[in-house]
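Next up, my_file-v1.cif (mmCIF, N, CA and C atoms):
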data_query
#
loop_
_atom_site.label_atom_id
_atom_site.label_comp_id
_atom_site.auth_asym_id
_atom_site.auth_seq_id
_atom_site.Cartn_x
_atom_site.Cartn_y
_atom_site.Cartn_z
N MET A 67 207.67 -101.02 189.70
CA MET A 67 209.10 -100.92 189.49
C MET A 67 209.43 -101.44 188.09
N ASP A 68 210.30 -100.75 187.41
CA ASP A 68 210.72 -101.14 186.08
C ASP A 68 211.45 -102.49 186.13
N LYS A 69 210.93 -103.47 185.42
CA LYS A 69 211.47 -104.83 185.48
C LYS A 69 212.88 -104.92 184.88
N GLU A 70 213.14 -104.17 183.81
CA GLU A 70 214.47 -104.19 183.20
C GLU A 70 215.51 -103.65 184.19
N LEU A 71 215.18 -102.54 184.86
CA LEU A 71 216.10 -101.97 185.84
C LEU A 71 216.27 -102.91 187.02
N GLN A 72 215.19 -103.50 187.48
CA GLN A 72 215.25 -104.43 188.61
C GLN A 72 216.16 -105.61 188.27
N SER A 73 216.01 -106.15 187.09
CA SER A 73 216.83 -107.27 186.64
C SER A 73 218.30 -106.87 186.53
N LEU A 74 218.57 -105.71 185.97
CA LEU A 74 219.94 -105.23 185.82
C LEU A 74 220.60 -105.06 187.19
N LEU A 75 219.89 -104.44 188.13
CA LEU A 75 220.45 -104.21 189.46
C LEU A 75 220.70 -105.53 190.18
N ALA A 76 219.77 -106.46 190.08
CA ALA A 76 219.95 -107.77 190.71
C ALA A 76 221.17 -108.47 190.13
N ASP A 77 221.36 -108.38 188.83
CA ASP A 77 222.50 -109.00 188.17
C ASP A 77 223.81 -108.35 188.63
N VAL A 78 223.87 -107.04 188.63
CA VAL A 78 225.10 -106.33 189.03
C VAL A 78 225.47 -106.67 190.47
N PHE A 79 224.48 -106.66 191.35
CA PHE A 79 224.77 -106.86 192.77
C PHE A 79 224.75 -108.32 193.22
N GLY A 80 224.35 -109.22 192.32
CA GLY A 80 224.35 -110.64 192.66
C GLY A 80 223.31 -111.01 193.70
N VAL A 81 222.13 -110.40 193.59
CA VAL A 81 221.04 -110.69 194.53
C VAL A 81 219.80 -111.10 193.73
N ARG A 82 218.78 -111.59 194.43
CA ARG A 82 217.52 -111.93 193.77
C ARG A 82 216.77 -110.65 193.41
N GLU A 83 216.03 -110.71 192.33
CA GLU A 83 215.25 -109.54 191.90
C GLU A 83 214.30 -109.09 192.99
N SER A 84 213.77 -110.03 193.77
CA SER A 84 212.83 -109.68 194.83
C SER A 84 213.47 -108.81 195.92
N GLU A 85 214.80 -108.80 195.98
CA GLU A 85 215.50 -107.97 196.96
C GLU A 85 215.66 -106.53 196.49
N ILE A 86 215.34 -106.27 195.24
CA ILE A 86 215.48 -104.93 194.66
C ILE A 86 214.11 -104.28 194.60
N THR A 87 213.93 -103.23 195.38
CA THR A 87 212.69 -102.46 195.39
C THR A 87 213.05 -100.98 195.32
N PRO A 88 212.09 -100.12 195.04
CA PRO A 88 212.41 -98.69 195.02
C PRO A 88 212.96 -98.18 196.36
N GLU A 89 212.63 -98.88 197.44
CA GLU A 89 213.08 -98.46 198.77
C GLU A 89 214.47 -98.96 199.12
N THR A 90 215.05 -99.83 198.28
CA THR A 90 216.37 -100.38 198.56
C THR A 90 217.43 -99.28 198.51
N VAL A 91 218.25 -99.21 199.55
CA VAL A 91 219.35 -98.24 199.61
C VAL A 91 220.67 -99.00 199.63
N LYS A 92 221.74 -98.27 199.37
CA LYS A 92 223.07 -98.86 199.28
C LYS A 92 223.40 -99.73 200.49
N ASP A 93 223.07 -99.28 201.67
CA ASP A 93 223.39 -100.03 202.90
C ASP A 93 222.62 -101.35 203.01
N ASP A 94 221.55 -101.52 202.25
CA ASP A 94 220.77 -102.76 202.27
C ASP A 94 221.43 -103.89 201.48
N VAL A 95 222.37 -103.54 200.60
CA VAL A 95 222.97 -104.52 199.69
C VAL A 95 224.44 -104.67 200.04
N GLU A 96 224.79 -105.81 200.61
CA GLU A 96 226.15 -106.04 201.10
C GLU A 96 227.20 -105.84 200.01
N SER A 97 226.90 -106.26 198.79
CA SER A 97 227.89 -106.19 197.71
C SER A 97 228.01 -104.81 197.06
N TRP A 98 227.16 -103.86 197.46
CA TRP A 98 227.16 -102.52 196.83
C TRP A 98 228.28 -101.68 197.40
N ASP A 99 229.49 -101.88 196.86
CA ASP A 99 230.64 -101.11 197.28
C ASP A 99 231.09 -100.24 196.11
N SER A 100 232.25 -99.61 196.24
CA SER A 100 232.70 -98.68 195.20
C SER A 100 232.97 -99.38 193.87
N LEU A 101 233.48 -100.60 193.92
CA LEU A 101 233.72 -101.34 192.67
C LEU A 101 232.40 -101.71 191.99
N LYS A 102 231.44 -102.16 192.77
CA LYS A 102 230.12 -102.49 192.21
C LYS A 102 229.43 -101.23 191.69
N GLN A 103 229.69 -100.10 192.31
CA GLN A 103 229.11 -98.84 191.83
C GLN A 103 229.59 -98.56 190.40
N MET A 104 230.87 -98.83 190.14
CA MET A 104 231.39 -98.61 188.79
C MET A 104 230.84 -99.64 187.81
N ASP A 105 230.68 -100.89 188.26
CA ASP A 105 230.02 -101.91 187.42
C ASP A 105 228.60 -101.45 187.08
N LEU A 106 227.93 -100.91 188.09
CA LEU A 106 226.57 -100.41 187.91
C LEU A 106 226.54 -99.30 186.86
N VAL A 107 227.45 -98.36 186.97
CA VAL A 107 227.50 -97.23 186.03
C VAL A 107 227.68 -97.75 184.60
N MET A 108 228.64 -98.64 184.42
CA MET A 108 228.89 -99.16 183.07
C MET A 108 227.68 -99.93 182.54
N SER A 109 227.05 -100.71 183.39
CA SER A 109 225.87 -101.49 182.98
C SER A 109 224.71 -100.57 182.61
N LEU A 110 224.49 -99.54 183.41
CA LEU A 110 223.41 -98.59 183.12
C LEU A 110 223.68 -97.83 181.83
N GLU A 111 224.91 -97.40 181.63
CA GLU A 111 225.24 -96.65 180.41
C GLU A 111 225.03 -97.51 179.17
N ARG A 112 225.41 -98.78 179.25
CA ARG A 112 225.20 -99.70 178.11
C ARG A 112 223.72 -99.97 177.88
N ALA A 113 223.02 -100.30 178.95
CA ALA A 113 221.62 -100.71 178.82
C ALA A 113 220.71 -99.58 178.35
N TYR A 114 220.99 -98.37 178.82
CA TYR A 114 220.10 -97.24 178.52
C TYR A 114 220.70 -96.26 177.50
N GLU A 115 221.89 -96.62 176.99
CA GLU A 115 222.56 -95.81 175.97
C GLU A 115 222.64 -94.34 176.37
N LEU A 116 223.26 -94.10 177.53
CA LEU A 116 223.43 -92.75 178.02
C LEU A 116 224.78 -92.64 178.73
N THR A 117 225.15 -91.43 179.08
CA THR A 117 226.39 -91.18 179.78
C THR A 117 226.07 -90.55 181.12
N LEU A 118 226.65 -91.11 182.17
CA LEU A 118 226.44 -90.59 183.52
C LEU A 118 227.66 -89.77 183.94
N ASP A 119 227.42 -88.61 184.52
CA ASP A 119 228.54 -87.81 185.00
C ASP A 119 228.73 -88.04 186.50
N ILE A 120 229.75 -87.42 187.05
CA ILE A 120 230.11 -87.69 188.44
C ILE A 120 228.97 -87.33 189.40
N GLN A 121 228.23 -86.27 189.13
CA GLN A 121 227.11 -85.91 190.00
C GLN A 121 226.04 -86.99 190.00
N ASP A 122 225.80 -87.57 188.83
CA ASP A 122 224.83 -88.67 188.72
C ASP A 122 225.30 -89.87 189.54
N ILE A 123 226.56 -90.20 189.39
CA ILE A 123 227.12 -91.38 190.06
C ILE A 123 227.05 -91.21 191.57
N VAL A 124 227.41 -90.03 192.06
CA VAL A 124 227.38 -89.76 193.50
C VAL A 124 225.94 -89.80 194.03
N ALA A 125 224.99 -89.37 193.22
CA ALA A 125 223.58 -89.32 193.64
C ALA A 125 222.95 -90.70 193.73
N MET A 126 223.53 -91.69 193.08
CA MET A 126 222.92 -93.01 193.00
C MET A 126 223.20 -93.84 194.26
N THR A 127 222.48 -93.54 195.33
CA THR A 127 222.67 -94.24 196.60
C THR A 127 221.45 -95.08 196.98
N SER A 128 220.46 -95.12 196.10
CA SER A 128 219.28 -95.95 196.32
C SER A 128 218.69 -96.31 194.96
N VAL A 129 217.82 -97.29 194.96
CA VAL A 129 217.16 -97.68 193.72
C VAL A 129 216.30 -96.53 193.20
N ALA A 130 215.60 -95.86 194.09
CA ALA A 130 214.78 -94.72 193.68
C ALA A 130 215.63 -93.62 193.06
N ALA A 131 216.80 -93.36 193.65
CA ALA A 131 217.70 -92.33 193.11
C ALA A 131 218.24 -92.74 191.75
N ILE A 132 218.56 -94.01 191.58
CA ILE A 132 219.03 -94.50 190.28
C ILE A 132 217.95 -94.29 189.23
N ALA A 133 216.72 -94.66 189.55
CA ALA A 133 215.61 -94.47 188.62
C ALA A 133 215.42 -93.00 188.27
N GLN A 134 215.55 -92.13 189.25
CA GLN A 134 215.39 -90.69 189.00
C GLN A 134 216.50 -90.16 188.09
N VAL A 135 217.73 -90.58 188.33
CA VAL A 135 218.84 -90.17 187.46
C VAL A 135 218.58 -90.62 186.03
N LEU A 136 218.14 -91.87 185.88
CA LEU A 136 217.86 -92.38 184.53
C LEU A 136 216.74 -91.59 183.87
N ARG A 137 215.68 -91.30 184.61
CA ARG A 137 214.59 -90.50 184.03
C ARG A 137 215.08 -89.11 183.65
N ASP A 138 215.90 -88.51 184.50
CA ASP A 138 216.45 -87.18 184.21
C ASP A 138 217.29 -87.19 182.94
N LYS A 139 217.90 -88.33 182.64
CA LYS A 139 218.72 -88.48 181.45
C LYS A 139 217.89 -88.87 180.22
N GLY A 140 216.58 -89.04 180.41
CA GLY A 140 215.70 -89.33 179.28
C GLY A 140 215.31 -90.78 179.12
N ALA A 141 215.72 -91.65 180.05
CA ALA A 141 215.32 -93.05 179.96
C ALA A 141 213.85 -93.21 180.31
N HIS A 142 213.18 -94.10 179.62
CA HIS A 142 211.77 -94.36 179.89
C HIS A 142 211.66 -95.61 180.76
N LEU A 143 211.23 -95.41 182.00
CA LEU A 143 211.08 -96.51 182.95
C LEU A 143 209.62 -96.69 183.30
N GLU A 144 209.24 -97.95 183.52
CA GLU A 144 207.88 -98.25 183.99
C GLU A 144 207.83 -98.06 185.48
N ASP A 145 206.68 -97.69 185.99
CA ASP A 145 206.53 -97.53 187.44
C ASP A 145 206.13 -98.84 188.07
#
With the file now loaded, output its structure as structure tokens.
Amino acid sequence: MDKELQSLLADVFGVRESEITPETVKDDVESWDSLKQMDLVMSLERAYELTLDIQDIVAMTSVAAIAQVLRDKGAHLED
């Protein structure tokens, strides 16, 4: 798992990094609501210097999906 992404997600959601895995889904994280989703979008756009559109945002319902969206946008993530 990409450590930078793991750290960013843990920071946005206010959880320990160990709680963030590729298998983590939205329902696993109590704080992952619509407001946190927008915080996530802004944080990802800043960190990876990209722009996410509404389809990307809607698709981001798991850590694996977030990583895939970022890769599709050209971000280089470690496995």
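Under the PyMOL selection byres ((chain A and resi 121-131) around 5), the matching residues in the shown file are A:Pro88, A:Thr90, A:Val91, A:Lys92, A:Asp119, A:Ile120, A:Ile132, A:Ala133, A:Gln134, A:Val135.
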From atom CA of A:Glu85 to atom CA of A:Ser73 the spacing works out at 10.4 Å
Tell me which protein, DNA and RNA residues are within 7 Å of stretch 76-81 of chain A, counting only N, CA and C atoms, leaving out same-chain ones fewer than 2 positions away, and put them as an mmCIF file with N, CA and C atoms, in the coordinates of the input.
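Contents of around_24.cif, freshly written:
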data_model
loop_
_atom_site.group_PDB
_atom_site.id
_atom_site.type_symbol
_atom_site.label_atom_id
_atom_site.label_comp_id
_atom_site.auth_asym_id
_atom_site.auth_seq_id
_atom_site.Cartn_x
_atom_site.Cartn_y
_atom_site.Cartn_z
ATOM 1 N N LEU A 71 215.180 -102.540 184.860
ATOM 2 C CA LEU A 71 216.100 -101.970 185.840
ATOM 3 C C LEU A 71 216.270 -102.910 187.020
ATOM 4 N N GLN A 72 215.190 -103.500 187.480
ATOM 5 C CA GLN A 72 215.250 -104.430 188.610
ATOM 6 C C GLN A 72 216.160 -105.610 188.270
ATOM 7 N N SER A 73 216.010 -106.150 187.090
ATOM 8 C CA SER A 73 216.830 -107.270 186.640
ATOM 9 C C SER A 73 218.300 -106.870 186.530
ATOM 10 N N LEU A 74 218.570 -105.710 185.970
ATOM 11 C CA LEU A 74 219.940 -105.230 185.820
ATOM 12 C C LEU A 74 220.600 -105.060 187.190
ATOM 13 N N GLU A 83 216.030 -110.710 192.330
ATOM 14 C CA GLU A 83 215.250 -109.540 191.900
ATOM 15 C C GLU A 83 214.300 -109.090 192.990
ATOM 16 N N SER A 84 213.770 -110.030 193.770
ATOM 17 C CA SER A 84 212.830 -109.680 194.830
ATOM 18 C C SER A 84 213.470 -108.810 195.920
ATOM 19 N N GLU A 85 214.800 -108.800 195.980
ATOM 20 C CA GLU A 85 215.500 -107.970 196.960
ATOM 21 C C GLU A 85 215.660 -106.530 196.490
ATOM 22 N N ILE A 86 215.340 -106.270 195.240
ATOM 23 C CA ILE A 86 215.480 -104.930 194.660
ATOM 24 C C ILE A 86 214.110 -104.280 194.600
ATOM 25 N N SER A 97 226.900 -106.260 198.790
ATOM 26 C CA SER A 97 227.890 -106.190 197.710
ATOM 27 C C SER A 97 228.010 -104.810 197.060
ATOM 28 N N TRP A 98 227.160 -103.860 197.460
ATOM 29 C CA TRP A 98 227.160 -102.520 196.830
ATOM 30 C C TRP A 98 228.280 -101.680 197.400
ATOM 31 N N LYS A 102 231.440 -102.160 192.770
ATOM 32 C CA LYS A 102 230.120 -102.490 192.210
ATOM 33 C C LYS A 102 229.430 -101.230 191.690
ATOM 34 N N ASP A 105 230.680 -100.890 188.260
ATOM 35 C CA ASP A 105 230.020 -101.910 187.420
ATOM 36 C C ASP A 105 228.600 -101.450 187.080
ATOM 37 N N LEU A 106 227.930 -100.910 188.090
ATOM 38 C CA LEU A 106 226.570 -100.410 187.910
ATOM 39 C C LEU A 106 226.540 -99.300 186.860
#
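With the shown file loaded, the PyMOL selection byres (((chain A and resi 140 and name CA) around 12) and name CA) picks out A:Tyr114, A:Glu115, A:Leu116, A:Thr117, A:Leu118, A:Ala133, A:Gln134, A:Val135, A:Leu136, A:Arg137, A:Asp138, A:Lys139, A:Ala141, A:His142, A:Leu143.
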When you draw a straight line from atom CA of A:Thr87 to atom CA of A:Asp145, how long is it in Å?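 If I compute the distance from atom CA of A:Thr87 to atom CA of A:Asp145, I get 11.2 Å.
The smallest atom-to-atom distance between A:Glu70 and any of A:Ala113, A:Leu101, A:Val95, A:Val107, using only C-alpha atoms, is found for A:Ala113.
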Could you work out how far atom C of A:Leu75 lies from atom C of A:Met104, giving the answer in Å with one decimal?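 According to the coordinates, atom C of A:Met104 and atom C of A:Leu75 are separated by 12.0 Å.
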Considering only alpha helix (DSSP H) as DSSP defines it on the backbone, what residues of chain A qualify? List them as a tab-separated table (two decimals) with N, CA and C atoms, keeping the file's coordinate frame.
chain	number	residue	atom	x	y	z
A	69	LYS	N	210.93	-103.47	185.42
A	69	LYS	CA	211.47	-104.83	185.48
A	69	LYS	C	212.88	-104.92	184.88
A	70	GLU	N	213.14	-104.17	183.81
A	70	GLU	CA	214.47	-104.19	183.20
A	70	GLU	C	215.51	-103.65	184.19
A	71	LEU	N	215.18	-102.54	184.86
A	71	LEU	CA	216.10	-101.97	185.84
A	71	LEU	C	216.27	-102.91	187.02
A	72	GLN	N	215.19	-103.50	187.48
A	72	GLN	CA	215.25	-104.43	188.61
A	72	GLN	C	216.16	-105.61	188.27
A	73	SER	N	216.01	-106.15	187.09
A	73	SER	CA	216.83	-107.27	186.64
A	73	SER	C	218.30	-106.87	186.53
A	74	LEU	N	218.57	-105.71	185.97
A	74	LEU	CA	219.94	-105.23	185.82
A	74	LEU	C	220.60	-105.06	187.19
A	75	LEU	N	219.89	-104.44	188.13
A	75	LEU	CA	220.45	-104.21	189.46
A	75	LEU	C	220.70	-105.53	190.18
A	76	ALA	N	219.77	-106.46	190.08
A	76	ALA	CA	219.95	-107.77	190.71
A	76	ALA	C	221.17	-108.47	190.13
A	77	ASP	N	221.36	-108.38	188.83
A	77	ASP	CA	222.50	-109.00	188.17
A	77	ASP	C	223.81	-108.35	188.63
A	78	VAL	N	223.87	-107.04	188.63
A	78	VAL	CA	225.10	-106.33	189.03
A	78	VAL	C	225.47	-106.67	190.47
A	79	PHE	N	224.48	-106.66	191.35
A	79	PHE	CA	224.77	-106.86	192.77
A	79	PHE	C	224.75	-108.32	193.22
A	100	SER	N	232.25	-99.61	196.24
A	100	SER	CA	232.70	-98.68	195.20
A	100	SER	C	232.97	-99.38	193.87
A	101	LEU	N	233.48	-100.60	193.92
A	101	LEU	CA	233.72	-101.34	192.67
A	101	LEU	C	232.40	-101.71	191.99
A	102	LYS	N	231.44	-102.16	192.77
A	102	LYS	CA	230.12	-102.49	192.21
A	102	LYS	C	229.43	-101.23	191.69
A	103	GLN	N	229.69	-100.10	192.31
A	103	GLN	CA	229.11	-98.84	191.83
A	103	GLN	C	229.59	-98.56	190.40
A	104	MET	N	230.87	-98.83	190.14
A	104	MET	CA	231.39	-98.61	188.79
A	104	MET	C	230.84	-99.64	187.81
A	105	ASP	N	230.68	-100.89	188.26
A	105	ASP	CA	230.02	-101.91	187.42
A	105	ASP	C	228.60	-101.45	187.08
A	106	LEU	N	227.93	-100.91	188.09
A	106	LEU	CA	226.57	-100.41	187.91
A	106	LEU	C	226.54	-99.30	186.86
A	107	VAL	N	227.45	-98.36	186.97
A	107	VAL	CA	227.50	-97.23	186.03
A	107	VAL	C	227.68	-97.75	184.60
A	108	MET	N	228.64	-98.64	184.42
A	108	MET	CA	228.89	-99.16	183.07
A	108	MET	C	227.68	-99.93	182.54
A	109	SER	N	227.05	-100.71	183.39
A	109	SER	CA	225.87	-101.49	182.98
A	109	SER	C	224.71	-100.57	182.61
A	110	LEU	N	224.49	-99.54	183.41
A	110	LEU	CA	223.41	-98.59	183.12
A	110	LEU	C	223.68	-97.83	181.83
A	111	GLU	N	224.91	-97.40	181.63
A	111	GLU	CA	225.24	-96.65	180.41
A	111	GLU	C	225.03	-97.51	179.17
A	112	ARG	N	225.41	-98.78	179.25
A	112	ARG	CA	225.20	-99.70	178.11
A	112	ARG	C	223.72	-99.97	177.88
A	113	ALA	N	223.02	-100.30	178.95
A	113	ALA	CA	221.62	-100.71	178.82
A	113	ALA	C	220.71	-99.58	178.35
A	114	TYR	N	220.99	-98.37	178.82
A	114	TYR	CA	220.10	-97.24	178.52
A	114	TYR	C	220.70	-96.26	177.50
A	120	ILE	N	229.75	-87.42	187.05
A	120	ILE	CA	230.11	-87.69	188.44
A	120	ILE	C	228.97	-87.33	189.40
A	121	GLN	N	228.23	-86.27	189.13
A	121	GLN	CA	227.11	-85.91	190.00
A	121	GLN	C	226.04	-86.99	190.00
A	122	ASP	N	225.80	-87.57	188.83
A	122	ASP	CA	224.83	-88.67	188.72
A	122	ASP	C	225.30	-89.87	189.54
A	123	ILE	N	226.56	-90.20	189.39
A	123	ILE	CA	227.12	-91.38	190.06
A	123	ILE	C	227.05	-91.21	191.57
A	124	VAL	N	227.41	-90.03	192.06
A	124	VAL	CA	227.38	-89.76	193.50
A	124	VAL	C	225.94	-89.80	194.03
A	125	ALA	N	224.99	-89.37	193.22
A	125	ALA	CA	223.58	-89.32	193.64
A	125	ALA	C	222.95	-90.70	193.73
A	129	VAL	N	217.82	-97.29	194.96
A	129	VAL	CA	217.16	-97.68	193.72
A	129	VAL	C	216.30	-96.53	193.20
A	130	ALA	N	215.60	-95.86	194.09
A	130	ALA	CA	214.78	-94.72	193.68
A	130	ALA	C	215.63	-93.62	193.06
A	131	ALA	N	216.80	-93.36	193.65
A	131	ALA	CA	217.70	-92.33	193.11
A	131	ALA	C	218.24	-92.74	191.75
A	132	ILE	N	218.56	-94.01	191.58
A	132	ILE	CA	219.03	-94.50	190.28
A	132	ILE	C	217.95	-94.29	189.23
A	133	ALA	N	216.72	-94.66	189.55
A	133	ALA	CA	215.61	-94.47	188.62
A	133	ALA	C	215.42	-93.00	188.27
A	134	GLN	N	215.55	-92.13	189.25
A	134	GLN	CA	215.39	-90.69	189.00
A	134	GLN	C	216.50	-90.16	188.09
A	135	VAL	N	217.73	-90.58	188.33
A	135	VAL	CA	218.84	-90.17	187.46
A	135	VAL	C	218.58	-90.62	186.03
A	136	LEU	N	218.14	-91.87	185.88
A	136	LEU	CA	217.86	-92.38	184.53
A	136	LEU	C	216.74	-91.59	183.87
A	137	ARG	N	215.68	-91.30	184.61
A	137	ARG	CA	214.59	-90.50	184.03
A	137	ARG	C	215.08	-89.11	183.65
A	138	ASP	N	215.90	-88.51	184.50
A	138	ASP	CA	216.45	-87.18	184.21
A	138	ASP	C	217.29	-87.19	182.94
